[in-house]
Amino acid sequence: MSNITYASINDDILKSLEPPGKKWAASLSVALTMLAMGIFAFGYQIRHGLEGSGINNPIGWGVYITDFVFWVGIAHAGTLISAVLYLVRAPFRTSIYRASEAMTVFAVMTAGLFPLIHIGRVWNFYWLIPYPNQRLLWVNFKSPLLWDVFAVNTYMSVSIAFFLLGLIPDFASVRDESKGLKKLIYTIPALGFRGTNHQWMHYMRAYLIFAAICTPLVFSVHSIVSWDFAMGSIPGWHTTIFPPYFVAGAIFSGCAMVLTIMIPTRMAFKGFDQIMKIKDLEAMAKMIIFTGLVVTYAYSMEFFVAYYSGSRYERAIFWFRPFGELKWFFWGMVFCNCISPIPLWSKKIRTNIGALFVISILVNIGMWLERFNIVVTSLAHDFDPYAWSMYKFQWVEIWITIGSFGWFFMWFFLFVKIMPSLAVAELKEALNPPLRSAK
Amino acid sequence: MSKEFTGVWGTFEYLDDTCHAIKELRKAGYQKLTTHTPCPRHEIDHALGDPQSRVPFFSLAGMFVGFTLALTIMTYMTLDWILPVSGKPVVSYPIMGPVLFELSVLMTIYFTVFGMVGLILRDTFRHAKPVSKRYRDYDRFMRDRFGVVVPCTAHDYEKVEAIFNKFQAEEVHREA
């Protein structure tokens with residue numbers, strides 16, 4: 001840190017905003033191709049209806065709801081890092097929080113698409129909001145699905161506001177370092193910020209309030225998502241362990257996604273490895289270990305409660321998950337979420353970039369499988385055997401899922417070239433200030 | 001935007017010099033100072049006498065507005081079209097918890113943002129700043145330099161400049 005100065009932080013971060021190279025263009029092209037696949041598949045679904053997805057009777061929630069819960073989970077880590085770790089003054093937060101916040105915003109934008117895709121007749125989406133529809137019927141406030149509409153929309157609004165608030169001083173830095181048209185463009189979002197004492201005083205107080213308000217919000221959002229399931233009477237869903245289990249799972253997958261996107265970002269831009277140090281990534285790995293243990297404990301508890309409750313339906317579903325037709329999804333989940341993070345107990349692995357990257361991807365896959373297990377297996381085998389069914393993946397939902405990753409990464413690639421991907425002002429705040437007495 | 005300005009502004013390379021200069025200026029009777037820093041620094045706040053922001057009052061107001069709004073819309077909508085569910089009360093308070101919380105948070109955040117912007121604008125109008133091109137085009141405040149702006153009359157120019165020079169200001173400019 002000794003050779004890092006206020007000026008060098010500006011220089012390193014502003015270098016990342018220089019015109020993009022071929023690797024960036026190639027990466028964006030891949031993301032756009034994936035997005036085009038998703039758009040095509042969605043167009044097909046609008047034309048032909050939900051027959052293009054694997055949704056059937058009784059499995060009314062399939063890949064789309066799995067994707068929704070997966071992306072909301074990914075969205076969790078950004079606000080956790082920016083708000084909760086800000087309040088506890090975690091030192092490793094500073095270098096990774098901006099990209100994590102961007103990840104949150106893009107992930108929640110992705111998640112928000114899936115209820116619309118899932119409802120089939122997307123043109124009636126406004127029935128979700130409190131608006132008297134064709135029969136002048138208001139929405140049902142007793143339904144957890146409506147609570148989720150409020151939770152996700154509030155989370156999206158607050159995440160975007162928090163993200164943009166943090167960017168204001170950094171846009172001002174970019175403005176002051178730029179010339180010509182670039183200066184003019186960055187002048188607008190900088191909102192006249194010049195680092196005066198009045199600006200910093202109100203800004204920092206607002207930022208602290210944002211962090212304090214966002215902390216319970218982080219825990220509430222995925223708790224409310226879990227109530228979409230836990231408030232139902234379906235075996236495998238109707239359990240009080242869901243809110244903490246979902247929150248821990250969301251932080252687990254979110255931290256893994258932070259590593260998945262930060263490791264290539266760190267390698268792509270010169271000077272970032274000096275700012276985003278191995279120990280910062282190692283701290284994320286430790287959070288993965290902790291939340292992975294919570295998730296493993298929750299998996300075990302589900303089985304124990306199914307046994308101990310004496311409910312034959314609970315016992316049947318928890319027999320079906322590891323030994324039924326969908327067992328590979330269950331064992332894949334166990335391998336990715338419970339076994340693959342074990343090597344992180346070794347410092348050697350925690351500080352190995354390649355190993356961290358591979359484990360982060362495995363955890364992401366595992367968390368998608370976990371949501372698929374929860375959503376689909378419970379609906380496939382509910383109470384009466386005559387109503388049981390099986391889920392068959394269809395190309396439309398697979399392409400739409402691929403498209404969602406294209407959508408997410410498209411925004412991330414644009415972000416790293418348009419906005420400072422590290423927090424300039426906060427990195428400076430974490431440095432020892434220039435003092436004559438220290439010379 | 002700002003009131004007509006006369007005074008002196010200077011830039012510093014070091015934070016401790018800036019803090020010493022601010023303290024000395026305040027001791028000499030110059031209270032309406034504007035400072036510039038590349039990042040928030042508590043040392044500057046202490047030198048300025050730890051001024052407090054009123055943003056939390058806006059946040060609190062937002063919380064009350066959000067809570068009231070949620071309670072009102074849920075009660076009104078539930079009574080406007082009565083939808084009995086499993087024999088539960090039509091207006092049931094426990095189920096209002098999540099929406100009450102979410103709308104309270106949402107409104108708190110909006111009020112915080114608008115409160116912050118409003119207070120910054122108010123302070124910008126209250127504290128006159130130089131209008132010269134040299135000041136407006138100075139582009140190192142958000143990079144690596146600290147600045148202090150002192151509104152004063154021509155009579156005080158030399159006194160203020162002397163304080164700036166005592167603490168080794170990098171640049172000192174008069175604004176008439």
# chains A, B, ... in the order shown; residues from 1 in each chain; ligands from 1
>>> select_by_dssp(residues="chain B", states="strand (DSSP E or B)", output="list in words")
Gly7, Val8, Trp9, Gly10, Thr11, Phe12, Thr34, Thr35, His36, Phe146, Gly147, Val148, Val149, Val150, Pro151, Glu171, Val172, His173, Arg174 and Glu175 of chain B
>>> write_last_selection(atoms="C-alpha atoms", output="short mmCIF file (atom, residue, chain, number, x, y, z; two decimals), in the first residue's frame")
data_model
loop_
_atom_site.label_atom_id
_atom_site.label_comp_id
_atom_site.auth_asym_id
_atom_site.auth_seq_id
_atom_site.Cartn_x
_atom_site.Cartn_y
_atom_site.Cartn_z
CA GLY B 7 -12.24 36.56 -0.37
CA VAL B 8 -9.21 34.31 -0.59
CA TRP B 9 -8.81 30.64 -1.48
CA GLY B 10 -5.78 28.42 -1.21
CA THR B 11 -4.70 24.85 -1.88
CA PHE B 12 -2.63 22.52 0.27
CA THR B 34 -15.67 26.06 2.62
CA THR B 35 -13.13 23.26 2.31
CA HIS B 36 -12.35 20.86 -0.50
CA PHE B 146 -7.01 20.07 -0.20
CA GLY B 147 -8.58 23.50 -0.52
CA VAL B 148 -9.87 26.21 1.79
CA VAL B 149 -12.11 29.09 0.69
CA VAL B 150 -12.41 32.10 3.03
CA PRO B 151 -15.04 34.77 2.33
CA GLU B 171 -1.39 28.28 -4.11
CA VAL B 172 -3.13 31.36 -2.69
CA HIS B 173 -5.54 33.47 -4.75
CA ARG B 174 -7.50 36.62 -4.07
CA GLU B 175 -11.01 36.87 -5.49
#
>>> residues_around(residues="B:Ser59", least_positions_apart="5", cutoff="12 Å", atoms="only C-alpha atoms", output="ChimeraX atom specification")
/A:205-210,212-213 /B:53-54,64-66,104-116
>>> residues_around(residues="A:Arg321", least_positions_apart="5", cutoff="7 Å", atoms="only C-alpha atoms", output="ChimeraX atom specification")
/A:326-327,330,377
>>> write_last_selection(atoms="C-alpha atoms", output="short mmCIF file (atom, residue, chain, number, x, y, z; two decimals), in the first residue's frame")
data_model
loop_
_atom_site.label_atom_id
_atom_site.label_comp_id
_atom_site.auth_asym_id
_atom_site.auth_seq_id
_atom_site.Cartn_x
_atom_site.Cartn_y
_atom_site.Cartn_z
CA LEU A 326 -34.22 -36.23 -9.83
CA LYS A 327 -31.46 -37.51 -7.53
CA PHE A 330 -29.65 -33.35 -5.32
CA THR A 377 -38.96 -31.85 -6.46
#
>>> atom_distance(atom1="atom CA of A:Ala75", atom2="atom CA of A:Pro244")
16.2 Å
>>> interface_residues(of="chain A", to="chain B", cutoff="8 Å", atoms="only C-alpha atoms", output="PyMOL selection string")
chain A and resi 6-7+10+137-142+147+150-151+154+157-158+169+172-173+176-177+194-206+209-210+213+217+224+425-426+428-429+433-437
>>> write_last_selection(atoms="C-alpha atoms", output="short mmCIF file (atom, residue, chain, number, x, y, z; two decimals), in the first residue's frame")
data_model
loop_
_atom_site.label_atom_id
_atom_site.label_comp_id
_atom_site.auth_asym_id
_atom_site.auth_seq_id
_atom_site.Cartn_x
_atom_site.Cartn_y
_atom_site.Cartn_z
CA TYR A 6 -4.42 9.59 -3.89
CA ALA A 7 -3.21 10.44 -7.40
CA ASN A 10 -7.22 8.08 -9.76
CA LEU A 137 -60.17 -6.31 -8.17
CA TRP A 138 -57.34 -5.18 -5.93
CA VAL A 139 -54.32 -7.34 -5.21
CA ASN A 140 -54.42 -9.80 -2.29
CA PHE A 141 -52.25 -8.51 0.54
CA LYS A 142 -52.56 -11.86 2.34
CA TRP A 147 -45.11 -9.29 -0.42
CA PHE A 150 -42.97 -5.19 -2.82
CA ALA A 151 -39.74 -6.72 -1.48
CA THR A 154 -37.99 -2.01 -2.99
CA SER A 157 -34.96 0.76 -6.07
CA VAL A 158 -32.77 0.91 -2.98
CA PRO A 169 -17.90 11.57 -6.02
CA ALA A 172 -16.63 13.96 -10.17
CA SER A 173 -13.09 12.49 -10.15
CA ASP A 176 -11.91 16.43 -13.40
CA GLU A 177 -9.48 14.04 -15.06
CA ARG A 194 -16.45 19.21 -5.81
CA GLY A 195 -15.71 17.61 -2.45
CA THR A 196 -16.70 20.59 -0.29
CA ASN A 197 -17.21 20.10 3.44
CA HIS A 198 -20.96 20.72 3.06
CA GLN A 199 -21.25 18.14 0.31
CA TRP A 200 -19.26 15.51 2.19
CA MET A 201 -21.12 16.15 5.45
CA HIS A 202 -24.62 15.56 4.02
CA TYR A 203 -23.38 12.87 1.64
CA MET A 204 -21.68 10.80 4.32
CA ARG A 205 -24.65 11.08 6.68
CA ALA A 206 -27.01 9.98 3.90
CA ILE A 209 -28.37 6.00 6.80
CA PHE A 210 -28.53 4.06 3.53
CA ILE A 213 -31.53 0.92 6.34
CA LEU A 217 -33.47 -4.95 3.94
CA ILE A 224 -39.76 -12.85 1.99
CA ALA A 425 -13.16 8.17 -2.78
CA GLU A 426 -13.44 5.25 -0.37
CA LYS A 428 -8.54 7.19 -0.66
CA GLU A 429 -10.34 7.31 2.67
CA PRO A 433 -3.61 10.74 4.31
CA PRO A 434 -0.69 12.86 3.05
CA LEU A 435 0.79 14.45 6.20
CA ARG A 436 3.76 16.81 6.44
CA SER A 437 4.41 15.43 9.92
#
>>> decode(residues="stretch 358-369 of chain A", atoms="N, CA and C atoms", output="CSV table (one decimal), in the first residue's frame")
chain,number,residue,atom,x,y,z
A,358,VAL,N,-12.5,-21.5,-9.7
A,358,VAL,CA,-13.2,-22.8,-10.0
A,358,VAL,C,-14.2,-23.1,-8.9
A,359,ILE,N,-13.8,-22.9,-7.7
A,359,ILE,CA,-14.8,-23.1,-6.6
A,359,ILE,C,-16.0,-22.2,-6.6
A,360,SER,N,-15.7,-20.9,-7.0
A,360,SER,CA,-16.8,-20.0,-7.0
A,360,SER,C,-17.8,-20.4,-8.1
A,361,ILE,N,-17.3,-20.9,-9.2
A,361,ILE,CA,-18.2,-21.4,-10.3
A,361,ILE,C,-19.0,-22.6,-9.8
A,362,LEU,N,-18.3,-23.5,-9.1
A,362,LEU,CA,-19.0,-24.7,-8.6
A,362,LEU,C,-20.1,-24.3,-7.6
A,363,VAL,N,-19.8,-23.3,-6.8
A,363,VAL,CA,-20.9,-22.9,-5.8
A,363,VAL,C,-22.1,-22.3,-6.5
A,364,ASN,N,-21.8,-21.5,-7.6
A,364,ASN,CA,-22.9,-20.9,-8.4
A,364,ASN,C,-23.8,-22.0,-9.0
A,365,ILE,N,-23.1,-23.0,-9.5
A,365,ILE,CA,-23.9,-24.1,-10.1
A,365,ILE,C,-24.7,-24.8,-9.0
A,366,GLY,N,-24.0,-25.0,-7.9
A,366,GLY,CA,-24.7,-25.7,-6.8
A,366,GLY,C,-25.9,-25.0,-6.3
A,367,MET,N,-25.8,-23.6,-6.2
A,367,MET,CA,-26.9,-22.9,-5.7
A,367,MET,C,-28.1,-22.9,-6.7
A,368,TRP,N,-27.8,-22.9,-8.0
A,368,TRP,CA,-28.9,-23.0,-8.9
A,368,TRP,C,-29.6,-24.4,-8.7
A,369,LEU,N,-28.8,-25.4,-8.6
A,369,LEU,CA,-29.3,-26.8,-8.3
A,369,LEU,C,-30.2,-26.8,-7.1
